[in-house]
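Q: Below is the file input18.cif, with mmCIF, C-alpha atoms and all ligand atoms.
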data_entry
#
loop_
_atom_site.label_atom_id
_atom_site.label_comp_id
_atom_site.auth_asym_id
_atom_site.auth_seq_id
_atom_site.Cartn_x
_atom_site.Cartn_y
_atom_site.Cartn_z
CA MET A 1 -8.69 -64.55 -9.58
CA SER A 2 -6.92 -62.73 -6.85
CA SER A 3 -7.29 -59.06 -6.17
CA THR A 4 -4.68 -56.69 -4.81
CA SER A 5 -6.34 -56.67 -1.44
CA ASP A 6 -6.12 -60.51 -1.23
CA THR A 7 -2.39 -60.26 -1.74
CA GLU A 8 -2.02 -57.48 0.77
CA ALA A 9 -3.90 -59.44 3.36
CA LYS A 10 -1.16 -62.10 3.22
CA VAL A 11 1.72 -59.68 3.57
CA ARG A 12 3.37 -59.18 6.91
CA ILE A 13 3.47 -55.49 7.76
CA ILE A 14 6.15 -54.25 10.15
CA ASP A 15 4.83 -52.70 13.30
CA THR A 16 7.56 -50.27 14.25
CA GLY A 17 5.96 -49.41 17.57
CA VAL A 18 7.25 -46.42 19.46
CA PRO A 19 10.34 -46.43 21.67
CA PRO A 20 9.37 -45.96 25.31
CA GLU A 21 9.87 -42.46 26.70
CA ARG A 22 10.72 -44.03 30.03
CA PHE A 23 14.21 -45.30 30.86
CA ALA A 24 14.87 -48.68 32.39
CA ARG A 25 14.93 -49.19 36.14
CA GLY A 26 18.25 -50.56 37.30
CA TRP A 27 21.97 -50.06 37.66
CA HIS A 28 23.72 -48.64 34.62
CA CYS A 29 27.48 -48.66 34.23
CA LEU A 30 28.89 -45.24 33.33
CA GLY A 31 32.45 -46.47 32.79
CA LEU A 32 35.58 -47.03 34.84
CA VAL A 33 35.92 -45.38 38.23
CA ARG A 34 39.45 -44.30 37.31
CA ASP A 35 38.05 -42.10 34.54
CA PHE A 36 35.85 -40.19 37.01
CA ASN A 37 37.88 -39.87 40.23
CA ASP A 38 40.48 -37.39 39.01
CA GLY A 39 39.17 -34.48 41.09
CA GLN A 40 37.44 -32.92 38.07
CA PRO A 41 33.70 -32.73 37.43
CA HIS A 42 32.46 -34.80 34.48
CA GLN A 43 29.30 -34.19 32.49
CA VAL A 44 27.36 -37.31 31.51
CA GLN A 45 24.31 -37.26 29.26
CA ALA A 46 22.02 -40.07 30.30
CA PHE A 47 18.34 -40.81 30.89
CA GLY A 48 17.30 -37.78 28.84
CA THR A 49 19.12 -35.39 31.15
CA ASP A 50 22.59 -34.27 32.20
CA LEU A 51 24.44 -35.51 35.24
CA VAL A 52 27.58 -34.31 36.93
CA VAL A 53 29.96 -36.95 38.24
CA PHE A 54 32.75 -35.97 40.64
CA ALA A 55 34.91 -37.37 43.40
CA GLY A 56 35.40 -35.26 46.51
CA GLU A 57 38.56 -35.17 48.63
CA ASP A 58 37.29 -38.26 50.43
CA GLY A 59 37.60 -40.14 47.13
CA LYS A 60 33.93 -41.08 46.96
CA VAL A 61 32.44 -40.68 43.49
CA ASN A 62 29.12 -38.78 43.53
CA ILE A 63 26.46 -38.27 40.88
CA LEU A 64 24.13 -35.24 40.92
CA ASN A 65 21.75 -33.54 38.54
CA GLY A 66 23.96 -31.64 36.13
CA TYR A 67 22.37 -28.21 36.55
CA CYS A 68 22.42 -26.09 39.67
CA PRO A 69 18.97 -25.49 41.24
CA HIS A 70 19.96 -21.89 42.07
CA MET A 71 19.99 -20.38 38.56
CA GLY A 72 20.73 -23.37 36.37
CA GLY A 73 24.54 -23.19 36.18
CA ASN A 74 26.30 -26.18 34.65
CA LEU A 75 27.97 -27.96 37.55
CA ALA A 76 30.26 -29.93 35.24
CA HIS A 77 31.88 -26.58 34.42
CA GLY A 78 32.46 -25.88 38.10
CA SER A 79 35.13 -27.28 40.36
CA VAL A 80 35.48 -29.69 43.24
CA LYS A 81 35.96 -27.95 46.61
CA GLY A 82 36.39 -30.28 49.56
CA ASN A 83 33.73 -32.92 49.20
CA SER A 84 31.37 -30.66 47.26
CA ILE A 85 30.98 -29.51 43.69
CA ALA A 86 31.05 -25.72 43.38
CA CYS A 87 28.90 -24.11 40.70
CA PRO A 88 30.77 -21.84 38.26
CA PHE A 89 27.97 -19.25 38.29
CA HIS A 90 27.71 -18.13 41.99
CA ASP A 91 29.80 -20.76 43.79
CA TRP A 92 27.00 -22.55 45.58
CA ARG A 93 28.43 -25.83 46.92
CA TRP A 94 26.66 -29.17 46.57
CA ARG A 95 27.51 -32.30 48.55
CA GLY A 96 27.37 -35.82 47.19
CA ASP A 97 24.08 -36.43 49.01
CA GLY A 98 22.53 -33.42 47.22
CA LYS A 99 22.52 -31.01 50.20
CA CYS A 100 23.78 -27.49 49.66
CA SER A 101 26.84 -27.23 51.89
CA GLY A 102 27.46 -23.52 51.57
CA ILE A 103 26.93 -20.25 49.74
CA PRO A 104 30.07 -18.15 50.35
CA TYR A 105 28.35 -14.78 49.88
CA ALA A 106 25.09 -15.55 51.72
CA ARG A 107 24.20 -15.25 55.39
CA ARG A 108 22.58 -18.64 55.41
CA VAL A 109 21.79 -21.58 53.15
CA PRO A 110 18.06 -21.93 52.41
CA PRO A 111 16.96 -24.92 54.52
CA LEU A 112 15.44 -26.72 51.52
CA ALA A 113 18.44 -26.25 49.25
CA ARG A 114 18.90 -29.74 47.92
CA THR A 115 19.45 -31.15 44.44
CA ARG A 116 18.92 -34.67 43.19
CA ALA A 117 21.64 -37.13 44.10
CA TRP A 118 21.66 -40.30 42.02
CA PRO A 119 22.60 -43.49 43.91
CA SER A 120 25.97 -44.80 42.79
CA MET A 121 28.00 -47.92 43.35
CA GLU A 122 31.51 -49.10 42.47
CA VAL A 123 31.98 -52.72 41.42
CA SER A 124 35.05 -54.33 39.82
CA GLY A 125 36.57 -50.92 39.06
CA GLN A 126 33.39 -49.67 37.37
CA LEU A 127 31.00 -46.88 38.31
CA PHE A 128 27.26 -47.51 38.32
CA VAL A 129 24.31 -45.16 38.57
CA TRP A 130 20.84 -46.22 39.69
CA ASN A 131 17.88 -45.12 37.61
CA ASP A 132 14.31 -45.54 38.80
CA PRO A 133 11.47 -43.58 37.20
CA GLU A 134 9.43 -44.27 40.36
CA GLY A 135 12.14 -42.73 42.51
CA GLY A 136 12.71 -45.93 44.48
CA LYS A 137 15.90 -46.90 46.29
CA PRO A 138 18.22 -49.44 44.64
CA LEU A 139 16.76 -52.92 44.93
CA GLU A 140 18.99 -55.35 46.78
CA GLU A 141 18.38 -58.15 44.29
CA LEU A 142 19.51 -55.98 41.38
CA THR A 143 22.99 -55.39 42.84
CA ILE A 144 25.72 -55.98 40.25
CA PRO A 145 27.92 -58.97 41.16
CA GLU A 146 31.67 -58.56 41.61
CA ILE A 147 33.98 -60.20 39.11
CA PRO A 148 35.94 -62.51 41.40
CA ILE A 149 39.33 -62.19 39.74
CA TYR A 150 39.23 -58.40 39.27
CA GLY A 151 42.47 -56.95 40.66
CA ASP A 152 44.21 -60.32 40.60
CA ALA A 153 47.89 -60.09 39.61
CA GLY A 154 47.36 -62.90 37.11
CA TRP A 155 44.95 -60.75 35.07
CA THR A 156 45.22 -57.50 33.15
CA ASP A 157 43.19 -54.44 34.10
CA TRP A 158 40.25 -53.37 31.93
CA VAL A 159 40.76 -52.25 28.37
CA TRP A 160 37.68 -50.06 28.00
CA ASN A 161 35.95 -48.57 24.95
CA TYR A 162 32.66 -47.04 23.99
CA VAL A 163 30.62 -46.14 20.95
CA ASP A 164 27.67 -43.75 20.80
CA VAL A 165 24.74 -45.17 18.88
CA GLU A 166 22.31 -42.64 17.44
CA GLY A 167 18.86 -43.39 16.11
CA SER A 168 18.26 -46.68 17.95
CA HIS A 169 16.63 -47.69 21.19
CA CYS A 170 18.91 -49.83 23.33
CA ARG A 171 16.51 -52.78 23.00
CA GLU A 172 18.38 -53.50 19.77
CA ILE A 173 21.47 -54.63 21.63
CA VAL A 174 19.51 -56.66 24.15
CA ASP A 175 17.78 -58.50 21.27
CA ASN A 176 21.20 -59.96 20.39
CA VAL A 177 20.98 -62.23 23.44
CA VAL A 178 18.77 -64.68 21.57
CA ASP A 179 20.00 -64.06 18.03
CA MET A 180 21.93 -67.18 17.07
CA ALA A 181 21.87 -66.66 13.29
CA HIS A 182 23.36 -63.14 13.24
CA PHE A 183 26.60 -64.57 14.63
CA PHE A 184 27.17 -66.27 11.29
CA TYR A 185 26.15 -63.38 9.06
CA VAL A 186 27.29 -60.38 11.09
CA HIS A 187 30.13 -61.74 13.24
CA TYR A 188 31.53 -64.52 11.03
CA GLY A 189 31.13 -67.24 13.61
CA MET A 190 29.45 -70.63 13.42
CA PRO A 191 27.48 -71.27 16.62
CA THR A 192 27.40 -74.99 17.37
CA TYR A 193 25.54 -74.74 20.67
CA PHE A 194 23.17 -71.99 21.73
CA VAL A 195 21.07 -71.84 24.90
CA ASN A 196 19.16 -69.02 26.58
CA ILE A 197 17.99 -68.87 30.17
CA PHE A 198 15.92 -66.00 31.59
CA GLU A 199 15.23 -65.87 35.29
CA GLY A 200 14.36 -62.95 37.55
CA HIS A 201 16.46 -59.99 36.50
CA THR A 202 19.02 -62.11 34.59
CA ALA A 203 19.09 -63.17 30.95
CA THR A 204 21.79 -65.58 29.84
CA GLN A 205 23.21 -66.71 26.54
CA MET A 206 25.47 -69.76 26.48
CA MET A 207 27.19 -70.37 23.20
CA ARG A 208 29.95 -72.37 21.62
CA SER A 209 31.11 -71.37 18.18
CA ARG A 210 33.98 -71.65 15.77
CA PRO A 211 35.23 -69.06 13.30
CA ARG A 212 34.16 -69.13 9.66
CA ALA A 213 37.00 -70.46 7.54
CA ASP A 214 35.93 -68.22 4.65
CA ALA A 215 36.42 -65.14 6.78
CA ALA A 216 40.20 -65.39 7.03
CA GLY A 217 41.67 -62.07 8.04
CA VAL A 218 38.48 -61.27 9.91
CA SER A 219 38.88 -63.93 12.53
CA GLN A 220 41.94 -63.69 14.77
CA SER A 221 41.94 -67.44 15.11
CA THR A 222 42.96 -69.62 12.21
CA ASN A 223 41.99 -72.77 14.03
CA TYR A 224 38.67 -73.31 12.29
CA SER A 225 37.88 -76.61 13.95
CA SER A 226 38.36 -75.37 17.49
CA GLU A 227 35.52 -73.83 19.47
CA ASN A 228 35.26 -70.70 21.58
CA GLN A 229 32.88 -70.76 24.48
CA SER A 230 30.89 -67.87 25.88
CA HIS A 231 28.64 -67.59 28.96
CA ALA A 232 27.06 -64.18 28.92
CA THR A 233 24.54 -62.88 31.47
CA TYR A 234 22.68 -59.61 31.70
CA PHE A 235 22.28 -58.52 35.30
CA GLY A 236 19.39 -56.10 34.94
CA PRO A 237 18.55 -54.17 31.78
CA SER A 238 21.94 -52.96 30.64
CA TYR A 239 24.95 -54.74 32.11
CA MET A 240 26.28 -58.02 30.77
CA ILE A 241 29.20 -60.05 32.10
CA ASP A 242 30.50 -62.37 29.41
CA LYS A 243 32.88 -65.14 30.41
CA LEU A 244 34.92 -66.30 27.43
CA TRP A 245 37.06 -69.33 26.89
CA SER A 246 39.23 -68.88 23.82
CA ALA A 247 39.72 -71.73 21.36
CA GLY A 248 41.10 -74.89 22.92
CA ARG A 249 39.98 -73.94 26.43
CA THR A 250 36.33 -74.92 26.23
CA GLY A 251 34.78 -77.24 28.75
CA GLU A 252 35.64 -77.28 32.40
CA GLY A 253 37.64 -74.69 34.26
CA GLU A 254 37.55 -70.94 34.50
CA PRO A 255 37.32 -68.51 31.59
CA ASN A 256 40.47 -66.75 30.40
CA ILE A 257 38.71 -63.60 29.19
CA TYR A 258 36.06 -61.39 30.80
CA LEU A 259 34.07 -59.10 28.56
CA ILE A 260 31.73 -56.45 29.89
CA ASN A 261 29.05 -55.41 27.44
CA CYS A 262 26.97 -52.58 28.85
CA HIS A 263 25.14 -49.46 27.83
CA TYR A 264 23.18 -46.55 29.17
CA PRO A 265 20.43 -44.64 27.39
CA VAL A 266 21.08 -41.03 26.42
CA THR A 267 17.65 -40.37 24.91
CA PRO A 268 14.83 -42.76 23.96
CA THR A 269 16.60 -43.23 20.61
CA SER A 270 20.28 -43.09 21.46
CA PHE A 271 22.58 -44.87 23.84
CA ARG A 272 26.22 -45.23 24.75
CA LEU A 273 27.48 -48.77 24.28
CA GLN A 274 30.55 -49.64 26.35
CA TYR A 275 32.71 -52.72 26.46
CA GLY A 276 35.62 -53.70 28.60
CA VAL A 277 38.03 -56.60 28.30
CA MET A 278 40.24 -58.25 30.90
CA VAL A 279 42.42 -61.25 30.05
CA GLU A 280 44.30 -63.79 32.08
CA LYS A 281 48.03 -63.29 31.69
CA PRO A 282 49.48 -66.39 30.05
CA ALA A 283 52.10 -68.08 32.25
CA GLY A 284 55.55 -66.50 31.92
CA MET A 285 54.29 -63.50 29.97
CA ASP A 286 55.21 -60.00 31.14
CA ASP A 287 52.56 -57.38 31.84
CA ALA A 288 53.18 -55.36 28.69
CA ALA A 289 52.70 -58.39 26.44
CA ALA A 290 49.57 -59.44 28.36
CA GLU A 291 48.22 -55.90 27.98
CA GLN A 292 48.78 -56.20 24.24
CA ILE A 293 46.72 -59.38 24.17
CA ALA A 294 43.92 -57.58 26.00
CA GLN A 295 44.16 -54.72 23.50
CA ALA A 296 43.98 -57.16 20.60
CA VAL A 297 40.96 -58.94 22.07
CA ALA A 298 39.30 -55.56 22.70
CA LYS A 299 40.02 -54.58 19.10
CA GLY A 300 38.35 -57.75 17.88
CA ILE A 301 35.37 -57.13 20.14
CA SER A 302 35.10 -53.53 18.97
CA ILE A 303 34.95 -54.70 15.37
CA GLY A 304 32.18 -57.08 16.40
CA PHE A 305 30.23 -54.19 17.87
CA GLU A 306 30.86 -52.03 14.80
CA GLN A 307 29.26 -54.79 12.76
CA ASP A 308 26.20 -54.71 15.05
CA VAL A 309 26.05 -50.91 14.98
CA ALA A 310 26.08 -50.89 11.17
CA ILE A 311 23.00 -53.12 11.26
CA TRP A 312 21.18 -51.08 13.92
CA LYS A 313 21.86 -47.76 12.23
CA ASN A 314 20.15 -48.92 9.06
CA LYS A 315 17.40 -51.22 10.30
CA SER A 316 13.80 -50.51 11.25
CA ARG A 317 12.53 -50.80 14.76
CA ILE A 318 10.22 -53.80 14.75
CA ASP A 319 7.73 -54.78 17.43
CA ASN A 320 6.38 -57.82 15.56
CA PRO A 321 9.38 -59.74 14.21
CA LEU A 322 8.48 -62.62 11.90
CA LEU A 323 10.42 -65.61 13.21
CA SER A 324 11.53 -69.06 12.17
CA GLU A 325 12.07 -71.93 14.59
CA GLU A 326 15.81 -71.31 14.69
CA ASP A 327 15.44 -67.68 15.67
CA GLY A 328 15.32 -68.06 19.39
CA PRO A 329 12.85 -66.66 21.90
CA VAL A 330 12.77 -62.98 20.87
CA TYR A 331 9.29 -62.40 22.29
CA GLN A 332 10.11 -64.08 25.61
CA LEU A 333 13.30 -62.02 25.86
CA ARG A 334 11.35 -58.84 25.25
CA ARG A 335 8.87 -59.81 27.96
CA TRP A 336 11.84 -60.30 30.32
CA TYR A 337 13.17 -56.88 29.27
CA GLU A 338 9.76 -55.27 29.87
CA GLN A 339 10.10 -55.80 33.65
CA PHE A 340 12.53 -52.86 33.76
CA TYR A 341 10.11 -50.50 32.01
CA VAL A 342 7.03 -51.01 34.19
CA ASP A 343 6.40 -50.02 37.80
CA VAL A 344 7.65 -52.58 40.29
CA ASP A 345 4.02 -53.37 41.20
CA ASP A 346 3.24 -54.17 37.57
CA ILE A 347 5.93 -56.81 37.06
CA GLU A 348 4.13 -59.93 35.81
CA PRO A 349 5.25 -63.48 36.59
CA GLU A 350 5.84 -64.11 32.87
CA MET A 351 8.51 -61.39 32.91
CA VAL A 352 10.56 -63.02 35.64
CA ASN A 353 9.74 -66.73 35.63
CA ARG A 354 12.53 -69.09 34.64
CA PHE A 355 12.54 -69.80 30.92
CA GLU A 356 15.02 -71.98 29.11
CA PHE A 357 15.44 -72.57 25.40
CA GLU A 358 18.01 -74.36 23.28
CA ILE A 359 18.21 -73.62 19.57
CA ASP A 360 18.84 -76.66 17.41
CA THR A 361 21.86 -75.61 15.34
CA GLU A 362 22.12 -78.81 13.29
CA ARG A 363 20.34 -77.63 10.16
CA ALA A 364 21.99 -74.23 10.26
CA LEU A 365 25.47 -75.71 10.59
CA LYS A 366 24.95 -78.08 7.67
CA ASN A 367 23.88 -75.28 5.37
CA TRP A 368 26.44 -72.83 6.65
CA GLN A 369 29.27 -75.30 6.22
CA ALA A 370 28.17 -75.82 2.62
CA GLU A 371 28.17 -72.05 2.06
CA VAL A 372 31.61 -71.72 3.62
CA ASP A 373 32.96 -74.60 1.50
CA GLU A 374 31.54 -73.05 -1.63
CA ASN A 375 33.14 -69.70 -0.82
CA LEU A 376 36.48 -71.37 -0.15
CA ALA A 377 36.33 -73.33 -3.40
CA ALA A 378 35.53 -70.15 -5.31
CA GLY A 379 38.20 -68.14 -3.50
CA ARG A 380 35.59 -65.76 -2.09
CA THR A 381 35.66 -64.20 1.35
CA ALA A 382 32.59 -63.86 3.49
CA PHE A 383 33.00 -60.48 4.96
CA ALA A 384 31.32 -57.31 3.94
CA PRO A 385 33.48 -54.99 1.82
CA ASN A 386 33.27 -52.17 4.40
CA LEU A 387 35.10 -54.23 7.00
CA THR A 388 38.82 -54.53 6.87
CA HIS A 389 39.87 -55.68 10.31
CA ALA A 390 40.17 -58.88 12.24
CA GLN A 391 37.34 -60.06 14.45
CA ASP A 392 37.33 -62.95 16.82
CA ALA A 393 33.95 -64.58 16.64
CA VAL A 394 33.55 -64.79 20.38
CA SER A 395 31.53 -61.63 20.97
CA ALA A 396 28.23 -62.05 22.70
CA GLY A 397 27.01 -58.73 21.39
S1 LIG A 401 23.44 -21.06 39.29
FE1 LIG A 401 24.70 -22.26 40.49
S2 LIG A 401 25.34 -20.98 42.01
FE2 LIG A 401 24.01 -19.78 40.88
FE FE A 402 25.93 -58.93 17.60
#
Can the structure from this file be put into structure tokens for me?
Ligand code: FES
Ligand SMILES: [Fe+2]

A:
Amino acid sequence: MSSTSDTEAKVRIIDTGVPPERFARGWHCLGLVRDFNDGQPHQVQAFGTDLVVFAGEDGKVNILNGYCPHMGGNLAHGSVKGNSIACPFHDWRWRGDGKCSGIPYARRVPPLARTRAWPSMEVSGQLFVWNDPEGGKPLEELTIPEIPIYGDAGWTDWVWNYVDVEGSHCREIVDNVVDMAHFFYVHYGMPTYFVNIFEGHTATQMMRSRPRADAAGVSQSTNYSSENQSHATYFGPSYMIDKLWSAGRTGEGEPNIYLINCHYPVTPTSFRLQYGVMVEKPAGMDDAAAEQIAQAVAKGISIGFEQDVAIWKNKSRIDNPLLSEEDGPVYQLRRWYEQFYVDVDDIEPEMVNRFEFEIDTERALKNWQAEVDENLAAGRTAFAPNLTHAQDAVSAG
């Protein structure tokens, strides 16, 4: 005879944990430089606070605490004067390094008049801000790498988008790095090869996949036998460069699409997810047509992220996921991710040591193909009724 308590003892209970109050150490991309260097101040909510982003006459983009240390005026409502931001309340001027550069009505500037300047960096047309709860300087080894072909005449510029995600910690998106199976169910792709490598501050996902034939109209590609390839690497806690080879281009050679998948935290339970796409211009194609391709790829990617967001919005936070062998190294990934949430002195070797894992996709593919075939035979489509657009199953998100 079994009692209720016997049964309960065998049930896995979700440990939701608590999202950390602290924000990750590292470089966070705020968006494209061109959206910030227009001579206007911009307010950015990030890391549980408000920042003001502005470019002075010298063209350098600066990031300061959003509120004026004089009487708390909102600097994003002020104006750029010379290389300083002028507060709308009493016109105190603040330089990019945080020093007060002048108070027009006062005899002298208090010698200690300084606000917090956040280190910034521009890479591949994008603006980055450095966050460090310990107040440390940017670490050399965490520098974001340049994208070698950025600015090349053979490539489009960035097509850039964002979505604000409320009610989730940004760990949810990082978890996707190891999540092979969700590509079938959420993104309508069939991963045939799936490898993760974590090392130091990088976490990589290498994947080949083909679109689901029962998701016609969702996938932009109708070549269901041909594989896309994706090499996606997080550099630090929040910035992923994803190199994509569209169908028929797998194997050797350079990618023909770059996707940036990045985010910054707004509060412990909300973040802004951003993604940018740049495509190689096909030979003989004019710029406008190439731009349209980039727009179409970005549209597909954005649908992919919408599918993720729909899951995150409605799921529970879970600190103790119950995994099968084909689920990939969720716990190892989370240990890697932990390095950005502890003091530098507390980084453990297991957070940064090289770790490599390949998921065996054989069983999954066999069963998935059968499901796809069954759907096709029955004239059913795979996609969820709330989705109406096309999606190329190449997203690494
Ligand atoms: S509050 Fe900014 S100048 Fe007074
Ligand atoms: Fe995803």

Q: Sorted by chain and rising residue number, list the residues of chain A at most 9 Å from ligand LIG 401 (chain A) (counting all atoms listed in the file), each with its closest atom pair and distance in Å to one decimal, as a Markdown table.

A:
| residue | atom | partner | partner_atom | distance |
| --- | --- | --- | --- | --- |
| A:Tyr67 | CA | A:LIG401 | FE1 | 7.5 |
| A:Cys68 | CA | A:LIG401 | FE1 | 4.5 |
| A:Pro69 | CA | A:LIG401 | S1 | 6.6 |
| A:His70 | CA | A:LIG401 | S1 | 4.5 |
| A:Met71 | CA | A:LIG401 | S1 | 3.6 |
| A:Gly72 | CA | A:LIG401 | S1 | 4.6 |
| A:Gly73 | CA | A:LIG401 | S1 | 3.9 |
| A:Asn74 | CA | A:LIG401 | FE1 | 7.2 |
| A:Leu75 | CA | A:LIG401 | FE1 | 7.2 |
| A:Gly78 | CA | A:LIG401 | FE1 | 8.9 |
| A:Ala86 | CA | A:LIG401 | S2 | 7.5 |
| A:Cys87 | CA | A:LIG401 | FE1 | 4.6 |
| A:Pro88 | CA | A:LIG401 | FE1 | 6.5 |
| A:Phe89 | CA | A:LIG401 | FE2 | 4.8 |
| A:His90 | CA | A:LIG401 | S2 | 3.7 |
| A:Asp91 | CA | A:LIG401 | S2 | 4.8 |
| A:Trp92 | CA | A:LIG401 | S2 | 4.2 |
| A:Arg93 | CA | A:LIG401 | S2 | 7.6 |
| A:Ile103 | CA | A:LIG401 | S2 | 7.9 |

Q: Check every protein, DNA and RNA residue against ligand FE 402 (chain A), keep those with an atom at most 9 Å away (counting all atoms listed in the file), and present them as a list in words.

A: Ile173, Asp175, Asn176, Val177, Asp179, His182, Phe183, Val186, His187, Gly304, Phe305, Glu306, Gln307, Asp308, Val309, Ser395, Ala396 and Gly397 of chain A

Q: CA of Ile63 (chain A) and CA of Thr143 (chain A) are how many Å apart?

A: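 CA of Thr143 (chain A) lies at a distance of 17.6 Å from CA of Ile63 (chain A).
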
Q: Given all atoms listed in the file as the basis, pick out the residue of A:Arg116, A:Arg212, A:Lys99, A:His201 nearest to Tyr337 (chain A).

A: A:His201

Q: With all atoms listed in the file as the counted atoms, please give the residues lying no more than 9 Å from Gly26 (chain A), apart from itself and same-chain residues fewer than 6 positions off, as a PyMOL selection string.

A: chain A and resi 129-132+138-139+142-143+236-238+340

Q: Those residues with C-alpha atoms, as a tab-separated table (two decimals), in the coordinates of the input please?

A:
chain	number	residue	atom	x	y	z
A	129	VAL	CA	24.31	-45.16	38.57
A	130	TRP	CA	20.84	-46.22	39.69
A	131	ASN	CA	17.88	-45.12	37.61
A	132	ASP	CA	14.31	-45.54	38.80
A	138	PRO	CA	18.22	-49.44	44.64
A	139	LEU	CA	16.76	-52.92	44.93
A	142	LEU	CA	19.51	-55.98	41.38
A	143	THR	CA	22.99	-55.39	42.84
A	236	GLY	CA	19.39	-56.10	34.94
A	237	PRO	CA	18.55	-54.17	31.78
A	238	SER	CA	21.94	-52.96	30.64
A	340	PHE	CA	12.53	-52.86	33.76

Q: For Arg354 (chain A), list every protein, DNA or RNA residue within 10 Å, evaluated using all atoms listed in the file, and leave out those in the same chain fewer than 6 positions away; present the list as a ChimeraX atom specification.

A: /A:197-200,202-203,336

Q: Per residue of region 247-331 of chain A within 10 Å of region 29-33 of chain A, what are the shortest atom pair and its distance in Å to one decimal, counting all atoms listed in the file, with rows by chain and residue number, as CSV?

A:
residue,atom,partner,partner_atom,distance
A:Ile260,CA,A:Cys29,CA,9.9
A:Asn261,CA,A:Cys29,CA,9.7
A:Cys262,CA,A:Cys29,CA,6.7
A:His263,CA,A:Cys29,CA,6.9
A:Tyr264,CA,A:Cys29,CA,7.0
A:Arg272,CA,A:Leu30,CA,9.0
A:Leu273,CA,A:Leu30,CA,9.8
A:Gln274,CA,A:Gly31,CA,7.4
A:Tyr275,CA,A:Gly31,CA,8.9
A:Gly276,CA,A:Gly31,CA,8.9

Q: Write out as a PyMOL selection string the residues lying within 10 Å of Pro41 (chain A), counting only C-alpha atoms and excluding same-chain residues fewer than 5 positions away.

A: chain A and resi 36+51-56+62-63+66+75-80+85-86

Q: Pick out the residues sitting within 8 Å of region 313-318 of chain A, and hand them over as a list in words; count all atoms listed in the file, and ignore anything fewer than 4 positions along from it in its own chain.

A: Ile14, Asp15, Thr16, Gly17, Val165, Glu166, Gly167, Ser168 and Val309 of chain A

Q: Go ahead and write the selection's residues with C-alpha atoms as an mmCIF file, in the coordinates of the input.

A:
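out07.cif was written with the following content:
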data_model
loop_
_atom_site.group_PDB
_atom_site.id
_atom_site.type_symbol
_atom_site.label_atom_id
_atom_site.label_comp_id
_atom_site.auth_asym_id
_atom_site.auth_seq_id
_atom_site.Cartn_x
_atom_site.Cartn_y
_atom_site.Cartn_z
ATOM 1 C CA ILE A 14 6.150 -54.250 10.150
ATOM 2 C CA ASP A 15 4.830 -52.700 13.300
ATOM 3 C CA THR A 16 7.560 -50.270 14.250
ATOM 4 C CA GLY A 17 5.960 -49.410 17.570
ATOM 5 C CA VAL A 165 24.740 -45.170 18.880
ATOM 6 C CA GLU A 166 22.310 -42.640 17.440
ATOM 7 C CA GLY A 167 18.860 -43.390 16.110
ATOM 8 C CA SER A 168 18.260 -46.680 17.950
ATOM 9 C CA VAL A 309 26.050 -50.910 14.980
#

Q: If I take CA of His28 (chain A) and CA of Asn196 (chain A), how far is one from the other in Å, to one decimal?

A: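 Calculated distance between CA of His28 (chain A) and CA of Asn196 (chain A) is 22.4 Å.
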
Q: In Å, with one decimal, what is the gap from CA of Gly379 (chain A) to CA of Thr361 (chain A)?

A: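 Value for the CA of Gly379 (chain A)-CA of Thr361 (chain A) distance: 26.0 Å.
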
Q: Just checking: using all atoms listed in the file, which residue out of A:Ala113, A:Ala181, A:Val61, A:Ala46 ends up closest to Thr267 (chain A)?

A: A:Ala46

Q: Which is closer to Phe383 (chain A) than all the others in A:Met278, A:Ala117, A:Leu259, A:Ala213, using all atoms listed in the file?

A: A:Ala213

Q: As lines of an AutoDock Vina configuration file, please report the centre and edge lengths, rounded to one decimal in Å, of the axis-aligned box that holds all listed atoms of region 85-94 of chain A with 6 Å of padding on each of the six sides.

A:
center_x = 28.9
center_y = -23.8
center_z = 42.6
size_x = 16.4
size_y = 23.4
size_z = 20.7

Q: With only C-alpha atoms as the counted atoms, please give the residues lying no more than 9 Å from Ala364 (chain A), apart from itself and same-chain residues fewer than 4 positions off, as a PyMOL selection string.

A: chain A and resi 181+190-192+326+360+368-369

Q: Would you put the residues from that selection into a file with C-alpha atoms, as a compact mmCIF listing (two decimals), in the frame of the given file?

A:
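Result written to result09.txt:
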# COMPACT_ATOMS: atom_id res chain seq x y z
CA ALA A 181 21.87 -66.66 13.29
CA MET A 190 29.45 -70.63 13.42
CA PRO A 191 27.48 -71.27 16.62
CA THR A 192 27.40 -74.99 17.37
CA GLU A 326 15.81 -71.31 14.69
CA ASP A 360 18.84 -76.66 17.41
CA TRP A 368 26.44 -72.83 6.65
CA GLN A 369 29.27 -75.30 6.22

Q: Can you work out which one of A:Gly151, A:Glu291, A:Leu64, A:Pro321 has the shortest atom-to-atom distance to Gln45 (chain A), counting only C-alpha atoms?

A: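 Looking at the shortest contact to Gln45 (chain A), the residue is A:Leu64.
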
Q: Counting all atoms listed in the file, figure out which residue out of A:Leu333, A:Ala289, A:Ile147, A:Ala382 gets nearest to Met351 (chain A).

A: A:Leu333

Q: A:Lys281, A:Pro119, A:Asn228, A:Gln43: which is nearest Lys137 (chain A), counting all atoms listed in the file?

A: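 Of the candidates, the smallest distance to Lys137 (chain A) is held by A:Pro119.
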